[in-house]
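Comments concern the structure below.
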Amino acid sequence: MTGPRAVEDEQTVPIGSNDDVVRARQTVRTYAQQCGLSLVDQTKLVTAASELARNTLVYGGGGRMRCATVRNGARVGVHAVFEDNGPGIPDLDLALTDGWTSGSGMGLGLSGARRLVDEFALHSEPGSGTKVSVTKWAR
Amino acid sequence: MTGPRAVEDEQTVPIGSNDDVVRARQTVRTYAQQCGLSLVDQTKLVTAASELARNTLVYGGGGRMRCATVRNGARVGVHAVFEDNGPGIPDLDLALTDGWTSGSGMGLGLSGARRLVDEFALHSEPGSGTKVSVTKWAR
Amino acid sequence: MSERVPVLKLGQVLLVSIQVDLEDQIVLDLQDDLAERIVSTGATGVVIDITALEIVDSFVGRMLANTAAISRMLDAETVVVGMRPAVAITLVELGLSLGGVRTALTLEKGLALLERDRTVRTGRP
Amino acid sequence: MSERVPVLKLGQVLLVSIQVDLEDQIVLDLQDDLAERIVSTGATGVVIDITALEIVDSFVGRMLANTAAISRMLDAETVVVGMRPAVAITLVELGLSLGGVRTALTLEKGLALLERDRTVRTGRP
Ligand SMILES: Nc1ncnc2c1ncn2[C@@H]1O[C@H](COP(=O)(O)OP(=O)(O)O)[C@@H](O)[C@H]1O
Ligand SMILES: Nc1ncnc2c1ncn2[C@@H]1O[C@H](COP(=O)(O)OP(=O)(O)O)[C@@H](O)[C@H]1O
């Protein structure tokens with residue numbers, strides 16, 4: 001489904017505080033604007049990033065976001081990866097269920113973020129962290 | 001359950017774009033009208049076809065629909081097969097659960113399509129594609 | 001692919017009449033256009049006329065439900081008019097009952113419903 | 001970190017205008033401040049202006065829903081004004097439709113809505 005890709009201009013934002021979550025949102029917005037995403041698509045991607053960055057902080061105990069421009073033939077998009085070395089997620093299907101939270105959230109972060117982007121991948125090993133990758137393509 | 005059958009007038013519609021999904025719906029409607037399905041049954045079958053054709057495109061990465069008239073003794077009906085060489089479905093039971101989606105759908109395509117037709121078969125091998133066959137008989 | 005469904009303005013109401021079998025991207029564009037137009041025009045109601053639609057699958061059904069929810073957040077009420085009996089039967093069997101979506105049988109009834117609403121909400125006709 | 005969003009008083013109404021991308025703790029503080037101020041001022045309405053907000057995620061969305069519920073319990077009505085179309089579209093897709101939150105397109109409309117409400121509730125203009 002996904003052909004060869006070129007990843008460009010990668011930038012890393014550490015996520016260790018609430019301020020960093022704001023910075024992660026702003027970084028993703030800059031990339032989204034540069035890639036020419038529509039206003040609605042920018043809004044969807046930045047919202048997804050906000051949810052995922054908060055999870056990295058709150059559940060992952062902090063980590064980092066890597067953001068980049070991605071090209072696939074003529075298509076251009078934004079790719080963002082959220083990583084932490086936290087406790088991981090024991091049951092991925094459960095975590096992806098609308099409304100399920102182990103904390104005090106609304107349980108819409110993971111499932112909602114998945115709906116807001118074009119590509120979504122979640123990897124997690126209990127004990128060794130969590131990695132969520134998302135991509136949104138310009139139309 | 002299903003005795004000897006004759007399959008007639010088979011037609012193939014490639015499914016590689018959103019436009020093709022529209023074409024698949026229209027093809028199935030033409031067959032349903034020719035077979036004398038009631039208006040409600042036409043609507044059910046075309047709706048099921050729409051769900052399955054979209055899955056072929058979105059999850060299967062494209063494929064084809066074969067549509068035909070089918071006879072069994074005095075009965076006449078419409079038979080449609082949706083095939084792709086995509087990633088396949090790892091857990092068929094889960095995929096057939098109302099509300100379950102691996103993407104951003106409503107998770108009603110497979111389960112709903114099954115309710116809307118008279119016969120439903122789903123075959124999938126992870127790594128080698130998916131095939132869904134449906135039949136609706138005129139009453 | 002640059003095809004778009006026209007959105008008409010009728011007083012305080014935006015009116016969309018879906019005339020043909022739409023491909024998915026056009027359905028999504030319509031949802032976004034409606035949100036945009038509600039805000040730019042200050043419309044208080046949206047009528048989506050699906051009289052011509054022979055089927056409503058889960059994709060279009062979701063668009064109708066989303067549009068109702070989006071417009072509510074933008075302080076406008078959505079009414080879907082003209083649903084065929086076969087479509088209603090099929091939607092329920094599919095598993096979608098469009099709980100949050102208001103419906104009326106005809107365009108006239110839909111407009112009357114929005115008018116009544118507005119009178120109640122604003123206290124003036 | 002001692003930053004706080006200012007809460008203005010305009011007659012019977014508390015007005016908050018969120019001007020920048022807020023970090024989570026400031027969002028929580030705002031929710032608490034509003035509850036405090038409703039009681040200390042006897043305000044009957046709260047207007048939260050989100051015109052400047054480029055996104056509303058589930059955290060801010062929950063604050064808006066909570067503030068509406070809290071103020072209702074303290075006998076004040078909350079109206080969220082200025083939501084952008086792209087924000088409404090995104091919230092619905094996220095799965096949050098803010099059912100209990102009243103909205104208006106502009107500050108003027110929001111204030112008018114609260115005024116109307118007050119007239120209905122108190123029986124005097
Ligand atoms: N980075 C992470 N590390 C560990 N657990 C996580 C992480 N992200 C999400 N989770 C788990 O998945 C659950 C669901 O996440 P989410 O859908 O974002 O909802 P919420 O953030 O409201 O809890 C969380 O409650 C948490 O248990
Ligand atoms: N042709 C296919 N190839 C691979 N996976 C499929 C295919 N059709 C369906 N699936 C899987 O089954 C899930 C459920 O499908 P469905 O009930 O149609 O819901 P939705 O289309 O809303 O996701 C999909 O999310 C997908 O993971």
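Please note that chains go A, B, ... in the order of the structure tokens, that every chain numbers its residues from 1, and that ligands are numbered from 1 in the order shown.
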Alpha helix (DSSP H) positions in stretch 2-66 of chain C, given as a short mmCIF file (atom, residue, chain, number, x, y, z; two decimals) with N, CA and C atoms, in the first residue's frame:
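Result file part_23.cif:
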data_model
loop_
_atom_site.label_atom_id
_atom_site.label_comp_id
_atom_site.auth_asym_id
_atom_site.auth_seq_id
_atom_site.Cartn_x
_atom_site.Cartn_y
_atom_site.Cartn_z
N ASP C 24 -17.30 9.21 -2.78
CA ASP C 24 -17.02 9.53 -1.38
C ASP C 24 -16.38 10.90 -1.15
N GLN C 25 -15.43 11.28 -2.02
CA GLN C 25 -14.73 12.54 -1.78
C GLN C 25 -15.69 13.72 -1.87
N ILE C 26 -16.66 13.62 -2.78
CA ILE C 26 -17.63 14.72 -2.94
C ILE C 26 -18.53 14.81 -1.71
N VAL C 27 -18.81 13.65 -1.11
CA VAL C 27 -19.60 13.63 0.11
C VAL C 27 -18.85 14.33 1.25
N LEU C 28 -17.55 14.05 1.35
CA LEU C 28 -16.75 14.70 2.40
C LEU C 28 -16.63 16.21 2.15
N ASP C 29 -16.45 16.58 0.89
CA ASP C 29 -16.34 18.00 0.56
C ASP C 29 -17.62 18.73 0.94
N LEU C 30 -18.75 18.08 0.72
CA LEU C 30 -20.03 18.70 1.03
C LEU C 30 -20.13 18.99 2.53
N GLN C 31 -19.70 18.02 3.33
CA GLN C 31 -19.72 18.19 4.78
C GLN C 31 -18.89 19.42 5.18
N ASP C 32 -17.70 19.53 4.61
CA ASP C 32 -16.83 20.66 4.95
C ASP C 32 -17.42 21.98 4.44
N ASP C 33 -17.96 21.96 3.22
CA ASP C 33 -18.55 23.18 2.65
C ASP C 33 -19.69 23.69 3.53
N LEU C 34 -20.50 22.76 4.01
CA LEU C 34 -21.65 23.18 4.83
C LEU C 34 -21.18 23.87 6.10
N ALA C 35 -20.16 23.32 6.75
CA ALA C 35 -19.64 23.94 7.97
C ALA C 35 -19.17 25.37 7.67
N GLU C 36 -18.41 25.48 6.60
CA GLU C 36 -17.90 26.78 6.17
C GLU C 36 -19.03 27.78 5.93
N ARG C 37 -20.05 27.33 5.20
CA ARG C 37 -21.15 28.22 4.82
C ARG C 37 -22.02 28.61 6.01
N ILE C 38 -22.18 27.72 6.96
CA ILE C 38 -22.96 28.08 8.15
C ILE C 38 -22.31 29.28 8.83
N VAL C 39 -21.00 29.22 8.97
CA VAL C 39 -20.30 30.30 9.65
C VAL C 39 -20.27 31.56 8.79
N SER C 40 -20.02 31.42 7.50
CA SER C 40 -19.90 32.63 6.67
C SER C 40 -21.25 33.31 6.46
N THR C 41 -22.35 32.56 6.51
CA THR C 41 -23.66 33.18 6.26
C THR C 41 -24.46 33.39 7.54
N SER C 58 -23.27 3.38 4.77
CA SER C 58 -22.76 3.86 6.05
C SER C 58 -21.90 5.12 5.88
N PHE C 59 -21.35 5.29 4.69
CA PHE C 59 -20.51 6.47 4.46
C PHE C 59 -21.36 7.74 4.39
N VAL C 60 -22.41 7.68 3.58
CA VAL C 60 -23.31 8.83 3.47
C VAL C 60 -24.08 9.03 4.77
N GLY C 61 -24.46 7.91 5.40
CA GLY C 61 -25.16 7.99 6.68
C GLY C 61 -24.32 8.71 7.72
N ARG C 62 -23.03 8.40 7.72
CA ARG C 62 -22.14 9.07 8.66
C ARG C 62 -22.02 10.55 8.35
N MET C 63 -21.98 10.89 7.07
CA MET C 63 -21.92 12.30 6.69
C MET C 63 -23.17 13.03 7.22
N LEU C 64 -24.33 12.40 7.10
CA LEU C 64 -25.56 13.05 7.57
C LEU C 64 -25.50 13.25 9.09
N ALA C 65 -25.06 12.22 9.80
CA ALA C 65 -24.95 12.33 11.27
C ALA C 65 -23.91 13.37 11.66
N ASN C 66 -22.75 13.36 10.99
CA ASN C 66 -21.70 14.33 11.29
C ASN C 66 -22.16 15.75 11.01
#
Please provide the set of residues having any atom within 10 Å of B:Phe120, restricted to only C-alpha atoms, with same-chain residues fewer than 2 positions apart removed, written as a PyMOL selection string. chain B and resi 79-81+110+113-118+122+132-136
Just-selected residues, N, CA, C and O atoms written as a compact mmCIF listing (two decimals), in the first residue's frame:
# COMPACT_ATOMS: atom_id res chain seq x y z
N HIS B 79 -25.77 -12.36 -7.93
CA HIS B 79 -24.61 -12.83 -7.22
C HIS B 79 -23.48 -11.83 -7.48
O HIS B 79 -23.23 -11.46 -8.62
N ALA B 80 -22.82 -11.38 -6.44
CA ALA B 80 -21.71 -10.44 -6.63
C ALA B 80 -20.53 -10.88 -5.77
O ALA B 80 -20.70 -11.29 -4.61
N VAL B 81 -19.35 -10.83 -6.37
CA VAL B 81 -18.12 -11.24 -5.68
C VAL B 81 -17.15 -10.06 -5.69
O VAL B 81 -16.89 -9.47 -6.74
N LEU B 110 -19.11 -4.81 6.78
CA LEU B 110 -19.20 -6.26 6.65
C LEU B 110 -20.41 -6.82 7.38
O LEU B 110 -21.19 -7.59 6.82
N ALA B 113 -23.63 -5.58 5.66
CA ALA B 113 -23.83 -6.21 4.36
C ALA B 113 -24.34 -7.64 4.56
O ALA B 113 -25.25 -8.10 3.86
N ARG B 114 -23.79 -8.33 5.54
CA ARG B 114 -24.24 -9.69 5.81
C ARG B 114 -25.73 -9.73 6.12
O ARG B 114 -26.45 -10.62 5.66
N ARG B 115 -26.21 -8.76 6.90
CA ARG B 115 -27.64 -8.73 7.23
C ARG B 115 -28.52 -8.38 6.04
O ARG B 115 -29.70 -8.73 6.00
N LEU B 116 -27.95 -7.67 5.07
CA LEU B 116 -28.77 -7.16 3.96
C LEU B 116 -28.95 -8.14 2.81
O LEU B 116 -29.74 -7.90 1.91
N VAL B 117 -28.20 -9.25 2.82
CA VAL B 117 -28.28 -10.19 1.69
C VAL B 117 -28.80 -11.55 2.17
O VAL B 117 -28.94 -11.79 3.37
N ASP B 118 -29.08 -12.45 1.21
CA ASP B 118 -29.56 -13.79 1.59
C ASP B 118 -28.41 -14.75 1.86
O ASP B 118 -28.52 -15.62 2.71
N LEU B 122 -17.32 -14.96 3.38
CA LEU B 122 -16.12 -14.13 3.50
C LEU B 122 -14.91 -15.05 3.60
O LEU B 122 -14.85 -15.93 4.46
N VAL B 132 -15.23 -11.57 -0.86
CA VAL B 132 -16.55 -11.58 -0.23
C VAL B 132 -17.58 -11.85 -1.31
O VAL B 132 -17.59 -11.18 -2.35
N SER B 133 -18.44 -12.88 -1.09
CA SER B 133 -19.48 -13.20 -2.07
C SER B 133 -20.84 -13.01 -1.43
O SER B 133 -21.06 -13.43 -0.29
N VAL B 134 -21.74 -12.39 -2.17
CA VAL B 134 -23.11 -12.22 -1.67
C VAL B 134 -24.12 -12.61 -2.74
O VAL B 134 -23.84 -12.51 -3.94
N THR B 135 -25.27 -13.08 -2.30
CA THR B 135 -26.36 -13.40 -3.21
C THR B 135 -27.67 -12.87 -2.63
O THR B 135 -27.89 -12.95 -1.42
N LYS B 136 -28.50 -12.33 -3.50
CA LYS B 136 -29.85 -11.92 -3.09
C LYS B 136 -30.83 -12.49 -4.11
O LYS B 136 -30.67 -12.32 -5.31
Margin query: At a cut-off of 10 Å around ligand 1, and using only C-alpha atoms and all ligand atoms, what residues come up? Please write them as number ranges by chain.
Written below: A: 48, 51-63, 82-114, 122-132; D: 58-59
The distance between atom CA of C:Ser71 and atom CA of C:Gly100 is 11.7 Å
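Those residues that approach stretch 8-18 of chain B to within 6 Å, counting only C-alpha atoms, are Val21, Gly62, Gly63, Arg64, Met65, Arg66, Cys67, Ala68 and Thr69 of chain B; Glu23 of chain C; same-chain residues fewer than 3 positions away are not listed.
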Can you give chain B as a compact mmCIF listing (two decimals) with C-alpha atoms, in the first residue's frame after you superpose it on chain A, pairing all C-alpha atoms in order for the least-squares fit?
# COMPACT_ATOMS: atom_id res chain seq x y z
CA MET B 1 -0.22 0.31 0.36
CA THR B 2 2.68 2.68 0.91
CA GLY B 3 5.28 2.87 -1.82
CA PRO B 4 8.82 4.28 -1.63
CA ARG B 5 9.01 7.46 0.36
CA ALA B 6 11.40 10.26 0.99
CA VAL B 7 11.49 11.78 4.44
CA GLU B 8 12.79 15.35 4.63
CA ASP B 9 13.52 18.05 7.18
CA GLU B 10 13.09 15.90 10.20
CA GLN B 11 12.83 17.75 13.48
CA THR B 12 12.64 16.35 17.01
CA VAL B 13 10.66 17.90 19.86
CA PRO B 14 11.25 16.48 23.35
CA ILE B 15 8.04 15.96 25.32
CA GLY B 16 8.58 16.35 29.03
CA SER B 17 6.09 18.98 30.14
CA ASN B 18 2.75 20.58 29.27
CA ASP B 19 4.68 23.34 27.50
CA ASP B 20 6.29 20.75 25.25
CA VAL B 21 2.86 19.50 24.22
CA VAL B 22 2.07 23.05 23.07
CA ARG B 23 5.37 23.15 21.19
CA ALA B 24 4.66 19.81 19.52
CA ARG B 25 1.30 21.14 18.27
CA GLN B 26 2.95 24.27 16.90
CA THR B 27 5.69 22.30 15.17
CA VAL B 28 3.17 20.04 13.46
CA ARG B 29 1.15 23.08 12.38
CA THR B 30 4.21 24.63 10.74
CA TYR B 31 4.90 21.44 8.77
CA ALA B 32 1.24 21.14 7.78
CA GLN B 33 1.21 24.69 6.45
CA GLN B 34 4.48 24.20 4.56
CA CYS B 35 3.13 21.05 2.92
CA GLY B 36 0.04 22.90 1.77
CA LEU B 37 -2.51 20.93 3.75
CA SER B 38 -5.99 22.48 3.63
CA LEU B 39 -7.14 24.35 6.71
CA VAL B 40 -9.42 21.50 7.74
CA ASP B 41 -6.66 18.94 7.27
CA GLN B 42 -4.22 21.08 9.23
CA THR B 43 -6.75 21.28 12.04
CA LYS B 44 -7.30 17.53 12.03
CA LEU B 45 -3.60 16.71 12.04
CA VAL B 46 -2.71 19.22 14.76
CA THR B 47 -5.57 17.95 16.90
CA ALA B 48 -4.38 14.36 16.50
CA ALA B 49 -0.83 15.44 17.37
CA SER B 50 -2.10 17.16 20.48
CA GLU B 51 -3.81 14.00 21.68
CA LEU B 52 -0.77 11.82 20.99
CA ALA B 53 1.74 14.24 22.53
CA ARG B 54 -0.35 14.42 25.68
CA ASN B 55 -0.41 10.61 25.89
CA THR B 56 3.37 10.52 25.50
CA LEU B 57 3.64 12.86 28.47
CA VAL B 58 0.89 11.54 30.72
CA TYR B 59 1.04 7.80 30.12
CA GLY B 60 4.51 7.40 28.60
CA GLY B 61 6.12 9.54 31.31
CA GLY B 62 7.61 11.77 28.61
CA GLY B 63 9.39 11.05 25.34
CA ARG B 64 9.74 12.77 21.98
CA MET B 65 8.02 13.63 18.74
CA ARG B 66 9.76 13.45 15.40
CA CYS B 67 8.08 15.40 12.63
CA ALA B 68 9.00 15.41 8.94
CA THR B 69 7.82 16.13 5.44
CA VAL B 70 7.22 12.95 3.50
CA ARG B 71 7.00 12.48 -0.27
CA ASN B 72 5.63 9.61 -2.25
CA GLY B 73 5.88 10.31 -5.96
CA ALA B 74 4.01 13.55 -6.47
CA ARG B 75 2.30 13.43 -3.10
CA VAL B 76 3.51 15.37 -0.14
CA GLY B 77 2.46 15.01 3.45
CA VAL B 78 3.39 15.33 7.09
CA HIS B 79 4.65 12.40 9.10
CA ALA B 80 4.86 12.51 12.90
CA VAL B 81 6.10 9.84 15.29
CA PHE B 82 5.46 9.91 19.05
CA GLU B 83 7.74 7.72 21.14
CA ASP B 84 8.30 7.00 24.77
CA ASN B 85 10.01 4.41 26.96
CA GLY B 86 7.10 4.20 29.35
CA PRO B 87 5.11 1.21 30.55
CA GLY B 88 3.58 0.42 27.17
CA ILE B 89 0.01 -0.60 26.43
CA PRO B 90 -1.02 -4.11 27.49
CA ASP B 91 -4.15 -4.35 25.34
CA LEU B 92 -4.00 -2.35 22.09
CA ASP B 93 -7.56 -3.12 21.04
CA LEU B 94 -8.91 -1.91 24.34
CA ALA B 95 -6.76 1.23 24.20
CA LEU B 96 -8.16 1.98 20.73
CA THR B 97 -11.75 1.68 21.93
CA ASP B 98 -13.72 4.95 21.96
CA GLY B 99 -14.23 6.06 25.53
CA TRP B 100 -11.80 3.66 27.16
CA THR B 101 -9.24 5.27 29.43
CA SER B 102 -7.00 3.88 32.14
CA GLY B 103 -6.72 7.36 33.61
CA SER B 104 -9.03 10.32 33.79
CA GLY B 105 -9.20 11.23 30.10
CA MET B 106 -12.13 10.92 27.74
CA GLY B 107 -10.69 7.85 26.04
CA LEU B 108 -10.85 9.54 22.63
CA GLY B 109 -7.18 10.31 22.07
CA LEU B 110 -5.99 7.20 20.26
CA SER B 111 -9.25 6.29 18.56
CA GLY B 112 -9.97 9.89 17.59
CA ALA B 113 -6.43 10.52 16.33
CA ARG B 114 -6.73 7.43 14.15
CA ARG B 115 -9.87 8.85 12.51
CA LEU B 116 -8.25 12.24 11.94
CA VAL B 117 -5.22 11.09 9.92
CA ASP B 118 -4.66 9.14 6.69
CA GLU B 119 -2.23 6.59 8.11
CA PHE B 120 -1.96 5.43 11.69
CA ALA B 121 0.30 2.84 13.31
CA LEU B 122 0.53 1.92 16.96
CA HIS B 123 3.34 -0.24 18.38
CA SER B 124 3.75 -0.99 22.02
CA GLU B 125 5.53 -3.58 24.10
CA PRO B 126 4.54 -3.76 27.73
CA GLY B 127 7.63 -2.67 29.64
CA SER B 128 9.45 -1.05 26.75
CA GLY B 129 7.41 1.85 25.57
CA THR B 130 4.99 3.02 22.94
CA LYS B 131 5.36 4.37 19.42
CA VAL B 132 2.56 5.95 17.43
CA SER B 133 3.10 7.09 13.83
CA VAL B 134 0.69 9.17 11.80
CA THR B 135 0.70 10.60 8.30
CA LYS B 136 -1.57 13.14 6.64
CA TRP B 137 -1.27 13.81 2.90
CA ALA B 138 -1.99 17.06 1.10
CA ARG B 139 -4.86 16.66 -1.35
- prompt: Which distance in Å separates atom CA of D:Val87 and atom CA of D:Val56, to one decimal?
  reply: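 Taking atom CA of D:Val87 and atom CA of D:Val56, their separation equals 6.4 Å.
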inquiry  = For the strand (DSSP E) assignment from backbone DSSP, which residues of chain C qualify? Please present them as a PyMOL selection string.
reply    = chain C and resi 7-10+13-17+45-49+77-81+102-104
Could the residues in this selection be saved with N, CA and C atoms as an mmCIF file, in the first residue's frame?
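File written: selection-v3.cif
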data_model
loop_
_atom_site.group_PDB
_atom_site.id
_atom_site.type_symbol
_atom_site.label_atom_id
_atom_site.label_comp_id
_atom_site.auth_asym_id
_atom_site.auth_seq_id
_atom_site.Cartn_x
_atom_site.Cartn_y
_atom_site.Cartn_z
ATOM 1 N N VAL C 7 -24.666 24.462 -2.728
ATOM 2 C CA VAL C 7 -25.357 24.794 -1.482
ATOM 3 C C VAL C 7 -26.097 26.112 -1.701
ATOM 4 N N LEU C 8 -27.431 26.099 -1.613
ATOM 5 C CA LEU C 8 -28.228 27.305 -1.843
ATOM 6 C C LEU C 8 -28.560 27.968 -0.516
ATOM 7 N N LYS C 9 -28.774 29.266 -0.547
ATOM 8 C CA LYS C 9 -29.210 29.947 0.664
ATOM 9 C C LYS C 9 -30.621 30.455 0.455
ATOM 10 N N LEU C 10 -31.502 30.131 1.399
ATOM 11 C CA LEU C 10 -32.926 30.457 1.320
ATOM 12 C C LEU C 10 -33.255 31.134 2.639
ATOM 13 N N VAL C 13 -31.746 29.712 5.875
ATOM 14 C CA VAL C 13 -31.525 28.271 5.735
ATOM 15 C C VAL C 13 -30.624 27.944 4.547
ATOM 16 N N LEU C 14 -29.701 27.009 4.769
ATOM 17 C CA LEU C 14 -28.904 26.488 3.658
ATOM 18 C C LEU C 14 -29.601 25.241 3.133
ATOM 19 N N LEU C 15 -29.719 25.158 1.822
ATOM 20 C CA LEU C 15 -30.429 24.031 1.228
ATOM 21 C C LEU C 15 -29.512 23.267 0.278
ATOM 22 N N VAL C 16 -29.427 21.958 0.519
ATOM 23 C CA VAL C 16 -28.632 21.098 -0.348
ATOM 24 C C VAL C 16 -29.549 20.022 -0.891
ATOM 25 N N SER C 17 -29.537 19.865 -2.182
ATOM 26 C CA SER C 17 -30.343 18.803 -2.760
ATOM 27 C C SER C 17 -29.393 17.852 -3.477
ATOM 28 N N GLY C 45 -30.246 27.192 9.946
ATOM 29 C CA GLY C 45 -30.764 25.867 9.611
ATOM 30 C C GLY C 45 -30.124 25.318 8.351
ATOM 31 N N VAL C 46 -30.121 23.983 8.257
ATOM 32 C CA VAL C 46 -29.619 23.308 7.062
ATOM 33 C C VAL C 46 -30.648 22.246 6.683
ATOM 34 N N VAL C 47 -31.029 22.235 5.416
ATOM 35 C CA VAL C 47 -31.910 21.169 4.936
ATOM 36 C C VAL C 47 -31.151 20.359 3.894
ATOM 37 N N ILE C 48 -31.065 19.055 4.110
ATOM 38 C CA ILE C 48 -30.438 18.185 3.120
ATOM 39 C C ILE C 48 -31.533 17.324 2.505
ATOM 40 N N ASP C 49 -31.762 17.540 1.232
ATOM 41 C CA ASP C 49 -32.834 16.849 0.529
ATOM 42 C C ASP C 49 -32.263 15.603 -0.151
ATOM 43 N N GLU C 77 -29.450 24.128 13.006
ATOM 44 C CA GLU C 77 -30.139 22.839 13.122
ATOM 45 C C GLU C 77 -30.235 22.200 11.732
ATOM 46 N N THR C 78 -29.974 20.889 11.650
ATOM 47 C CA THR C 78 -30.050 20.205 10.365
ATOM 48 C C THR C 78 -31.274 19.299 10.290
ATOM 49 N N VAL C 79 -31.944 19.330 9.150
ATOM 50 C CA VAL C 79 -33.055 18.415 8.899
ATOM 51 C C VAL C 79 -32.794 17.690 7.583
ATOM 52 N N VAL C 80 -32.948 16.381 7.595
ATOM 53 C CA VAL C 80 -32.827 15.585 6.373
ATOM 54 C C VAL C 80 -34.235 15.309 5.858
ATOM 55 N N VAL C 81 -34.489 15.653 4.607
ATOM 56 C CA VAL C 81 -35.845 15.451 4.072
ATOM 57 C C VAL C 81 -35.848 14.509 2.869
ATOM 58 N N ARG C 102 -32.442 14.914 12.648
ATOM 59 C CA ARG C 102 -33.870 15.185 12.514
ATOM 60 C C ARG C 102 -34.289 14.984 11.073
ATOM 61 N N THR C 103 -35.491 14.471 10.888
ATOM 62 C CA THR C 103 -35.957 14.202 9.536
ATOM 63 C C THR C 103 -37.358 14.767 9.352
ATOM 64 N N ALA C 104 -37.703 15.009 8.098
ATOM 65 C CA ALA C 104 -39.067 15.407 7.752
ATOM 66 C C ALA C 104 -39.348 14.764 6.403
#
Taking only C-alpha atoms into account and nothing else, which residues of chain D lie no more than 6 Å away from chain A? Please answer as a PDB file with C-alpha atoms, in the first residue's frame.
ATOM      1  CA  GLU D  23      -1.134  24.415  28.095  1.00  0.00           C
ATOM      2  CA  ASP D  57      -8.667  18.760  21.401  1.00  0.00           C
ATOM      3  CA  ALA D  86     -12.629  23.386  10.902  1.00  0.00           C
ATOM      4  CA  THR D  90     -12.563  18.005  13.753  1.00  0.00           C
ATOM      5  CA  LEU D  94     -12.651  13.060  17.165  1.00  0.00           C
TER       6      LEU D  94
END
Computed gap from atom CA of C:Met73 to atom 18 (O, counted along the ligand's line) of ligand 2 is 28.6 Å
Problem set entry | chain D residues near chain C (10 Å cut-off, only C-alpha atoms) as a ChimeraX atom specification | /D:80-93,95-99,101-106,112-113,116-117,120
Include C-alpha atoms and write out the residues we just selected as a compact mmCIF listing (two decimals), in the first residue's frame.
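Now in again05.txt:
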# COMPACT_ATOMS: atom_id res chain seq x y z
CA VAL D 80 -19.22 29.04 23.69
CA VAL D 81 -18.81 31.51 20.85
CA GLY D 82 -16.62 31.79 17.78
CA MET D 83 -15.94 28.15 17.02
CA ARG D 84 -14.29 27.82 13.64
CA PRO D 85 -15.81 25.48 11.06
CA ALA D 86 -12.63 23.39 10.90
CA VAL D 87 -12.73 22.99 14.68
CA ALA D 88 -16.35 21.80 14.63
CA ILE D 89 -15.58 19.32 11.85
CA THR D 90 -12.56 18.00 13.75
CA LEU D 91 -14.36 17.70 17.09
CA VAL D 92 -17.09 15.56 15.56
CA GLU D 93 -14.54 13.30 13.89
CA GLY D 95 -15.87 11.75 18.70
CA LEU D 96 -16.80 14.76 20.81
CA SER D 97 -19.96 16.58 19.87
CA LEU D 98 -20.29 18.73 23.01
CA GLY D 99 -23.96 17.89 23.37
CA VAL D 101 -22.67 22.98 25.43
CA ARG D 102 -24.60 25.88 23.94
CA THR D 103 -22.93 27.69 21.10
CA ALA D 104 -23.34 30.89 19.13
CA LEU D 105 -21.39 32.14 16.14
CA THR D 106 -20.38 35.49 17.57
CA ALA D 112 -28.09 38.10 23.13
CA LEU D 113 -28.83 34.44 23.79
CA ARG D 116 -33.05 36.26 26.20
CA ASP D 117 -32.56 33.36 28.56
CA VAL D 120 -37.34 34.00 30.25
